[in-house]
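Student: Data: final25.txt, compact mmCIF, C-alpha atoms and all ligand atoms.
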# COMPACT_ATOMS: atom_id res chain seq x y z
CA MET A 1 139.11 114.34 109.45
CA ASP A 2 137.68 117.68 108.33
CA THR A 3 133.97 118.10 107.55
CA ALA A 4 134.48 118.60 103.82
CA ARG A 5 136.28 115.24 103.58
CA LEU A 6 133.61 113.51 105.67
CA GLU A 7 130.88 114.97 103.48
CA GLU A 8 132.67 113.77 100.39
CA GLN A 9 132.85 110.25 101.83
CA PHE A 10 129.18 110.42 102.77
CA GLU A 11 128.21 111.40 99.22
CA ALA A 12 130.35 108.55 97.85
CA ARG A 13 128.58 106.07 100.12
CA ILE A 14 125.18 107.35 98.96
CA ALA A 15 126.31 107.03 95.34
CA ALA A 16 127.41 103.45 96.02
CA ASP A 17 123.99 102.62 97.55
CA ASP A 18 125.51 101.98 100.99
CA ARG A 19 123.22 102.20 103.99
CA ILE A 20 123.91 105.02 106.44
CA GLU A 21 123.71 103.83 110.06
CA PRO A 22 123.11 105.88 113.25
CA ARG A 23 126.77 106.13 114.30
CA ASP A 24 128.02 107.05 110.83
CA PHE A 25 128.82 110.60 109.86
CA MET A 26 125.93 112.39 108.15
CA PRO A 27 125.48 116.03 107.20
CA ASP A 28 123.22 118.00 109.52
CA ALA A 29 120.70 118.66 106.77
CA TYR A 30 120.40 114.90 106.04
CA ARG A 31 119.77 114.22 109.75
CA LYS A 32 117.22 117.05 109.93
CA THR A 33 115.25 115.99 106.89
CA LEU A 34 115.12 112.41 108.16
CA ILE A 35 113.90 113.54 111.59
CA ARG A 36 111.26 115.64 109.82
CA GLN A 37 110.06 112.87 107.52
CA ILE A 38 110.25 109.95 109.96
CA SER A 39 108.56 111.87 112.79
CA GLN A 40 105.76 113.08 110.50
CA HIS A 41 105.37 109.49 109.37
CA ALA A 42 105.23 108.23 112.99
CA HIS A 43 102.66 110.89 113.93
CA SER A 44 100.58 109.91 110.89
CA GLU A 45 100.43 106.30 112.03
CA ILE A 46 99.35 107.33 115.53
CA VAL A 47 96.77 109.92 114.43
CA GLY A 48 95.74 107.46 111.69
CA MET A 49 94.35 105.14 114.35
CA LEU A 50 91.60 107.65 115.18
CA PRO A 51 89.38 107.65 112.05
CA GLU A 52 89.22 103.85 112.07
CA GLY A 53 89.08 103.49 115.84
CA ASN A 54 85.79 105.35 115.46
CA TRP A 55 84.21 102.27 113.85
CA ILE A 56 85.53 99.39 115.98
CA THR A 57 82.47 99.26 118.25
CA ARG A 58 80.14 99.45 115.24
CA ALA A 59 81.70 96.81 113.00
CA PRO A 60 78.88 94.74 111.48
CA SER A 61 80.28 91.30 112.43
CA LEU A 62 82.82 89.68 114.73
CA ARG A 63 85.09 88.91 111.76
CA ARG A 64 85.06 92.54 110.60
CA LYS A 65 85.69 93.72 114.14
CA VAL A 66 88.69 91.44 114.62
CA ALA A 67 90.22 92.55 111.29
CA LEU A 68 89.70 96.24 112.07
CA LEU A 69 91.11 95.87 115.59
CA ALA A 70 94.19 94.10 114.20
CA LYS A 71 94.69 96.86 111.64
CA VAL A 72 94.47 99.66 114.19
CA GLN A 73 96.85 97.78 116.51
CA ASP A 74 99.31 97.38 113.61
CA GLU A 75 99.22 101.16 113.14
CA ALA A 76 100.15 101.69 116.80
CA GLY A 77 103.07 99.32 116.22
CA HIS A 78 104.16 101.21 113.08
CA GLY A 79 104.16 104.46 115.05
CA LEU A 80 106.35 102.88 117.72
CA TYR A 81 108.93 101.46 115.25
CA LEU A 82 109.05 104.84 113.54
CA TYR A 83 109.54 106.82 116.77
CA SER A 84 112.36 104.37 117.62
CA ALA A 85 113.93 104.82 114.18
CA CYS A 86 113.69 108.59 114.62
CA GLU A 87 115.32 108.43 118.07
CA THR A 88 118.42 106.85 116.49
CA LEU A 89 119.00 110.28 114.93
CA GLY A 90 119.53 111.85 118.35
CA ILE A 91 116.12 113.27 119.21
CA ASP A 92 114.06 112.26 122.20
CA ARG A 93 110.60 110.77 121.80
CA SER A 94 109.11 113.19 124.35
CA GLU A 95 110.26 116.11 122.20
CA LEU A 96 108.61 114.54 119.14
CA LEU A 97 105.38 114.00 121.06
CA ASP A 98 105.45 117.60 122.30
CA GLN A 99 105.71 118.75 118.69
CA LEU A 100 102.65 116.67 117.79
CA HIS A 101 100.58 117.70 120.78
CA SER A 102 101.31 121.40 120.41
CA GLY A 103 100.25 121.31 116.76
CA LYS A 104 103.77 122.23 115.58
CA ALA A 105 104.41 118.93 113.79
CA LYS A 106 102.72 117.88 110.59
CA TYR A 107 101.05 114.52 110.06
CA SER A 108 99.38 113.20 106.93
CA SER A 109 96.57 115.43 105.63
CA ILE A 110 94.39 112.39 105.05
CA PHE A 111 93.65 111.82 108.73
CA ASN A 112 91.87 115.16 109.02
CA TYR A 113 88.84 113.83 107.16
CA PRO A 114 85.92 112.17 108.95
CA THR A 115 84.86 108.52 108.59
CA LEU A 116 81.12 108.87 108.09
CA THR A 117 79.92 105.36 107.23
CA TRP A 118 81.04 101.76 107.54
CA ALA A 119 82.01 101.81 103.85
CA ASP A 120 84.70 104.34 104.79
CA MET A 121 86.58 101.46 106.44
CA GLY A 122 86.76 99.87 103.00
CA ALA A 123 87.69 103.06 101.17
CA VAL A 124 90.35 103.93 103.75
CA GLY A 125 91.86 100.44 103.47
CA TRP A 126 91.81 100.38 99.69
CA LEU A 127 92.79 103.98 98.95
CA VAL A 128 94.61 105.30 102.03
CA ASP A 129 96.57 102.13 102.77
CA GLY A 130 96.95 101.67 99.01
CA ALA A 131 98.60 105.10 98.77
CA ALA A 132 100.66 104.30 101.86
CA ILE A 133 102.06 101.13 100.26
CA MET A 134 102.81 102.90 97.01
CA ASN A 135 104.80 105.48 98.96
CA GLN A 136 106.40 103.12 101.48
CA VAL A 137 107.61 100.18 99.37
CA PRO A 138 110.33 102.40 97.84
CA LEU A 139 111.21 103.59 101.36
CA CYS A 140 112.40 100.02 102.09
CA ARG A 141 115.37 101.09 99.92
CA CYS A 142 115.88 104.39 101.75
CA SER A 143 119.54 105.22 102.37
CA TYR A 144 119.04 105.43 106.15
CA GLY A 145 119.24 101.89 107.59
CA PRO A 146 116.85 102.04 110.56
CA TYR A 147 114.08 103.69 108.49
CA ALA A 148 114.51 101.26 105.60
CA ARG A 149 114.39 98.24 107.91
CA ALA A 150 111.30 99.51 109.77
CA MET A 151 109.56 99.89 106.41
CA VAL A 152 109.95 96.20 105.50
CA ARG A 153 107.62 95.03 108.25
CA VAL A 154 105.33 98.05 107.92
CA CYS A 155 104.79 97.29 104.23
CA LYS A 156 103.90 93.65 104.87
CA GLU A 157 101.23 94.78 107.29
CA GLU A 158 100.00 97.60 105.03
CA SER A 159 99.48 95.06 102.30
CA PHE A 160 97.08 93.12 104.55
CA HIS A 161 95.33 96.41 105.41
CA GLN A 162 94.85 97.31 101.79
CA ARG A 163 93.41 93.90 100.95
CA GLN A 164 90.99 93.96 103.88
CA GLY A 165 89.73 97.33 102.62
CA PHE A 166 89.31 96.14 99.05
CA GLU A 167 87.56 92.96 100.16
CA LEU A 168 85.21 94.99 102.37
CA LEU A 169 84.27 97.20 99.40
CA LEU A 170 83.91 94.16 97.15
CA THR A 171 81.42 92.66 99.62
CA LEU A 172 79.41 95.90 99.71
CA SER A 173 79.56 96.16 95.91
CA ARG A 174 77.78 92.77 95.70
CA GLY A 175 75.19 93.76 98.30
CA THR A 176 71.93 95.70 98.26
CA GLU A 177 71.45 98.94 96.33
CA ALA A 178 71.90 100.88 99.58
CA GLN A 179 75.19 99.09 100.27
CA LYS A 180 76.44 99.77 96.74
CA ALA A 181 75.54 103.44 97.09
CA MET A 182 77.32 103.63 100.44
CA ALA A 183 80.49 102.13 98.89
CA GLN A 184 80.39 104.54 95.94
CA ASP A 185 79.87 107.51 98.24
CA ALA A 186 82.89 106.49 100.35
CA ILE A 187 85.06 106.16 97.23
CA ASN A 188 83.89 109.58 96.06
CA ARG A 189 84.87 111.22 99.34
CA TRP A 190 88.26 109.49 99.80
CA TRP A 191 89.62 109.55 96.25
CA TRP A 192 90.91 113.12 96.04
CA PRO A 193 92.28 113.31 99.61
CA ALA A 194 94.10 109.99 98.94
CA LEU A 195 95.82 111.51 95.90
CA MET A 196 96.86 114.49 98.06
CA MET A 197 98.69 112.12 100.44
CA PHE A 198 101.61 112.03 97.99
CA GLY A 199 102.29 115.69 98.70
CA PRO A 200 102.48 118.77 96.49
CA THR A 201 103.34 118.60 92.79
CA ASP A 202 107.04 118.14 92.08
CA GLU A 203 107.43 121.75 91.08
CA ASN A 204 105.96 122.87 94.41
CA SER A 205 107.78 120.29 96.55
CA PRO A 206 110.70 121.99 98.28
CA ASN A 207 112.19 118.77 99.68
CA THR A 208 111.94 116.27 96.83
CA ALA A 209 115.04 117.06 94.77
CA ARG A 210 117.42 116.85 97.71
CA SER A 211 115.72 113.80 99.24
CA MET A 212 115.97 112.03 95.88
CA ARG A 213 119.67 112.89 95.62
CA TRP A 214 120.24 111.45 99.10
CA LYS A 215 118.16 108.38 98.18
CA ILE A 216 115.74 108.97 101.02
CA LYS A 217 112.97 109.20 98.44
CA ARG A 218 113.28 106.94 95.37
CA PHE A 219 110.38 108.42 93.40
CA THR A 220 108.95 111.92 93.26
CA ASN A 221 105.50 112.83 94.59
CA ASP A 222 104.04 113.06 91.07
CA GLU A 223 105.56 109.75 89.97
CA LEU A 224 103.99 107.92 92.90
CA ARG A 225 100.65 109.69 92.44
CA GLN A 226 100.59 108.59 88.79
CA LYS A 227 101.30 104.97 89.77
CA MET A 228 98.40 105.15 92.24
CA VAL A 229 96.00 106.47 89.59
CA ASP A 230 97.10 103.75 87.14
CA VAL A 231 96.51 100.97 89.67
CA CYS A 232 93.19 102.27 91.02
CA ALA A 233 91.71 103.04 87.61
CA GLU A 234 91.94 99.29 86.91
CA GLN A 235 91.00 98.01 90.37
CA VAL A 236 87.83 100.10 90.53
CA LYS A 237 86.51 98.12 87.56
CA ALA A 238 86.62 94.92 89.64
CA LEU A 239 84.39 96.68 92.17
CA GLY A 240 81.95 97.76 89.48
CA MET A 241 82.32 101.30 90.86
CA THR A 242 83.74 104.53 89.47
CA LEU A 243 86.32 107.09 90.50
CA PRO A 244 84.91 110.61 90.97
CA ASP A 245 86.96 112.11 88.15
CA PRO A 246 85.43 112.56 84.68
CA ASP A 247 88.91 113.24 83.27
CA ILE A 248 90.36 109.81 84.04
CA LYS A 249 91.24 108.39 80.67
CA TRP A 250 93.90 105.98 79.36
CA ASN A 251 96.57 107.85 77.41
CA GLU A 252 98.13 105.44 74.93
CA GLU A 253 101.01 107.75 74.16
CA ARG A 254 102.07 108.24 77.77
CA GLY A 255 101.23 104.67 78.77
CA HIS A 256 99.40 106.09 81.80
CA TYR A 257 95.96 107.27 82.84
CA ASP A 258 95.40 111.02 82.56
CA PHE A 259 93.49 112.48 85.47
CA GLY A 260 91.80 115.70 86.57
CA LYS A 261 93.02 118.66 88.60
CA ILE A 262 93.65 118.30 92.30
CA ASN A 263 92.26 121.01 94.55
CA TRP A 264 95.57 122.22 96.02
CA ASP A 265 93.86 124.99 97.99
CA GLU A 266 92.08 122.28 99.94
CA PHE A 267 95.37 120.44 100.55
CA TYR A 268 97.22 123.52 101.86
CA ASN A 269 94.25 124.46 103.98
CA VAL A 270 94.23 121.03 105.62
CA ILE A 271 97.98 121.00 106.31
CA LYS A 272 97.73 124.48 107.81
CA GLY A 273 95.39 123.01 110.44
CA ASN A 274 92.03 123.97 108.96
CA GLY A 275 90.76 120.61 107.70
CA PRO A 276 87.42 119.16 108.84
CA CYS A 277 88.91 117.22 111.78
CA ASN A 278 92.31 118.77 112.63
CA LYS A 279 91.12 120.19 115.92
CA GLU A 280 89.33 117.02 116.95
CA ARG A 281 92.38 114.84 116.15
CA LEU A 282 94.76 116.96 118.21
CA GLU A 283 92.33 117.08 121.11
CA ALA A 284 91.99 113.28 121.03
CA ARG A 285 95.79 112.78 121.03
CA ASN A 286 96.32 115.28 123.84
CA LYS A 287 93.58 113.66 125.91
CA ALA A 288 95.05 110.17 125.40
CA HIS A 289 98.52 111.43 126.32
CA ASN A 290 97.31 113.16 129.49
CA GLU A 291 95.22 110.19 130.57
CA GLY A 292 98.24 107.92 130.04
CA ALA A 293 100.49 109.97 132.33
CA TRP A 294 100.05 107.54 135.23
CA VAL A 295 101.24 104.64 133.05
CA ARG A 296 104.44 106.50 132.12
CA GLU A 297 105.01 107.45 135.76
CA ALA A 298 104.44 103.86 136.93
CA ALA A 299 106.80 102.50 134.26
CA ALA A 300 109.49 105.01 135.22
CA ALA A 301 109.09 104.19 138.94
CA TYR A 302 109.33 100.46 138.18
CA ALA A 303 112.44 100.96 136.02
CA ALA A 304 114.08 103.01 138.80
CA LYS A 305 113.28 100.29 141.35
CA GLN A 306 114.71 97.57 139.09
CA ALA A 307 117.87 99.60 138.47
CA ALA A 308 118.34 100.15 142.22
CA ARG A 309 117.90 96.41 142.85
CA GLU A 310 120.41 95.53 140.14
CA ALA A 311 122.92 98.04 141.51
CA GLN A 312 122.46 96.53 144.99
CA SER A 313 123.03 92.96 143.83
CA ALA A 314 126.05 94.04 141.75
CA GLU A 315 127.50 95.64 144.91
CA ALA A 316 126.85 92.50 146.96
CA ALA A 317 128.52 90.23 144.37
N1 LIG B 1 100.10 115.73 104.56
O1 LIG B 1 108.54 118.93 99.93
P1 LIG B 1 107.44 117.95 100.19
C1 LIG B 1 99.74 105.88 106.57
C2 LIG B 1 104.28 118.52 103.70
S1 LIG B 1 100.76 106.99 107.24
C3 LIG B 1 100.70 116.63 105.37
O2 LIG B 1 106.96 117.16 99.04
P2 LIG B 1 108.58 115.58 101.39
C4 LIG B 1 98.68 105.22 107.34
C5 LIG B 1 105.72 118.06 103.86
O3 LIG B 1 105.88 117.37 105.06
C6 LIG B 1 100.94 108.15 105.89
N2 LIG B 1 101.83 117.28 105.03
O4 LIG B 1 107.90 117.02 101.41
C7 LIG B 1 98.61 105.31 108.70
C8 LIG B 1 106.45 119.35 103.76
O5 LIG B 1 106.32 120.07 104.96
P3 LIG B 1 107.59 120.47 105.90
C9 LIG B 1 102.10 109.00 106.04
C10 LIG B 1 102.36 116.99 103.82
O6 LIG B 1 108.84 115.21 102.80
C11 LIG B 1 97.56 104.77 109.38
C12 LIG B 1 105.64 120.13 102.75
O7 LIG B 1 104.34 119.55 102.76
N3 LIG B 1 103.17 108.54 105.20
O8 LIG B 1 99.86 105.78 105.43
O9 LIG B 1 109.71 115.52 100.44
C13 LIG B 1 96.50 104.15 108.68
C14 LIG B 1 106.23 120.05 101.36
O10 LIG B 1 106.20 118.70 100.85
C15 LIG B 1 101.80 116.05 102.95
C16 LIG B 1 104.40 109.07 105.29
O11 LIG B 1 104.61 109.93 106.12
C17 LIG B 1 100.62 115.42 103.35
N4 LIG B 1 99.98 114.53 102.59
O12 LIG B 1 107.44 114.62 100.79
C18 LIG B 1 96.58 104.04 107.31
C19 LIG B 1 105.44 108.52 104.36
N5 LIG B 1 102.55 115.99 101.83
O13 LIG B 1 108.01 119.20 106.58
C20 LIG B 1 97.67 104.58 106.63
C21 LIG B 1 106.78 109.17 104.51
C22 LIG B 1 103.55 116.86 102.00
O14 LIG B 1 108.66 120.94 104.97
N6 LIG B 1 106.81 110.51 104.04
N7 LIG B 1 103.43 117.47 103.18
O15 LIG B 1 107.05 121.47 106.85
C23 LIG B 1 107.06 110.86 102.73
O16 LIG B 1 107.21 110.01 101.87
C24 LIG B 1 107.19 112.31 102.42
O17 LIG B 1 107.42 113.01 103.61
C25 LIG B 1 105.96 112.92 101.65
C26 LIG B 1 106.21 114.42 101.46
C27 LIG B 1 105.80 112.26 100.32
C28 LIG B 1 104.68 112.75 102.49
Now that the file is in, can you turn its structure into structure tokens?

Tutor:
Amino acid sequence: MDTARLEEQFEARIAADDRIEPRDFMPDAYRKTLIRQISQHAHSEIVGMLPEGNWITRAPSLRRKVALLAKVQDEAGHGLYLYSACETLGIDRSELLDQLHSGKAKYSSIFNYPTLTWADMGAVGWLVDGAAIMNQVPLCRCSYGPYARAMVRVCKEESFHQRQGFELLLTLSRGTEAQKAMAQDAINRWWWPALMMFGPTDENSPNTARSMRWKIKRFTNDELRQKMVDVCAEQVKALGMTLPDPDIKWNEERGHYDFGKINWDEFYNVIKGNGPCNKERLEARNKAHNEGAWVREAAAAYAAKQAAREAQSAEAA
């Protein structure tokens, strides 16, 4: 069948809400954009372990430590499902890791900010995982099967992460004046970077229109950002805290909260590699990868030994 006919069939399947599977025909550009998005997503999960990993040894109680450890372990798992989903598109994991370690690949801007106090564990859970859920629930309906299926489990776990963050902030918000101030300071620092997680405005987003047409993305960056503002503007009231934006105001006509201007210069600066922690994050990932070389070598040697044994017993049989 010629390519034009195959592309026509592909478009018809997308229009019918069919799932595209790894062995199905897909246009090159669809494959490329999925590799781009899924690999950036996988890298984000892996780099995303670092800001929280920073607080595991300093958690204030055993219960908090167990919850934080579980959350960080979940993120490692999410990274692994996502690398596997990406590999179904015909790219090798080692190539993806090289792209991350060399600084060529992007990962979420949010993980280039430092976690300065214990309250940041609450703000990250509430706002960063909150933004992640907002973005990822629609990805469960993504047109590419392996990505959509990976997202189902990821979202269940993200929901637990978000609630642990909110509950942590709620506890601080009922604590001493110093604890309340620490919670408010964390919210102030994480609010704007969390809104930037959704990506550039729709008019400055080169990939959105096509990804929406292919049903990879189901909502635009601005639509999801607005949903996030609407949810958080209400939830912050339960904490007795405020969002650091004097322009947040309910707009009856739009049926949404209006909000202030995002500092897009800051966003582009961070994704270009000049955020507060970009260098530190890449160094930490490179160090972990190099120190893990012996594990990969041992696993490969073991696999080769097993394969040789199996070949021997197959010959003998
Ligand atoms: N940070 O045309 P656009 C997590 C890039 S993991 C850095 O709108 P698209 C979690 C974008 O890649 C969170 N780069 O792109 C983990 C593109 O660059 P390239 C990660 C960004 O793909 C652990 C350019 O800007 N979640 O939540 O249509 C602990 C133009 O953007 C960012 C995902 O990855 C950013 N914030 O839309 C806790 C979800 N935003 O590739 C939590 C899956 C944009 O052209 N990804 N860029 O060089 C997506 O949904 C989409 O890729 C995005 C961007 C909405 C992020």

Student: What's around stretch 30-34 of chain A at 8 Å? Count only C-alpha atoms, leave out sequence neighbours fewer than 2 positions away in its own chain, and write the answer as a list of chain:residue names.

Tutor: A:Met26, A:Pro27, A:Asp28, A:Arg36, A:Gln37, A:Ile38, A:Cys86, A:Leu89, A:Ser211, A:Trp214, A:Ile216

Student: Quick one, how far is atom CA of A:Gln226 from atom CA of A:Ala42?

Tutor: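 Going from atom CA of A:Gln226 over to atom CA of A:Ala42, I get 24.6 Å.
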
Student: Residues within 6 Å of A:Lys215, please, as a list in words. Count only C-alpha atoms; anything in the same chain fewer than 3 positions from it doesn't count.

Tutor: Cys142, Ser143, Met212 and Arg218 of chain A

Student: Please find the residues contacting ligand LIG 1 (chain B) at a distance of at most 7 Å between atoms, with all atoms listed in the file counted, and report them as a PyMOL selection string.

Tutor: chain A and resi 36-38+40-41+44-46+48-49+75+106-110+128-129+131-132+135-136+196-200+205-208+211+217+221+271

Student: Nearest residue to A:Ile56 out of A:Gly240, A:Leu282, A:Thr115, A:Asn188, using all atoms listed in the file?

Tutor: A:Thr115

Student: Which one of A:Met182, A:Leu69, A:Leu195, A:Ala150 sits closest to A:Ile262 if you count only C-alpha atoms?

Tutor: A:Leu195

Student: Nearest to A:Asn269: which of A:Thr242, A:Thr220, A:Asn286, A:Asn112 is it, counting only C-alpha atoms?

Tutor: A:Asn112
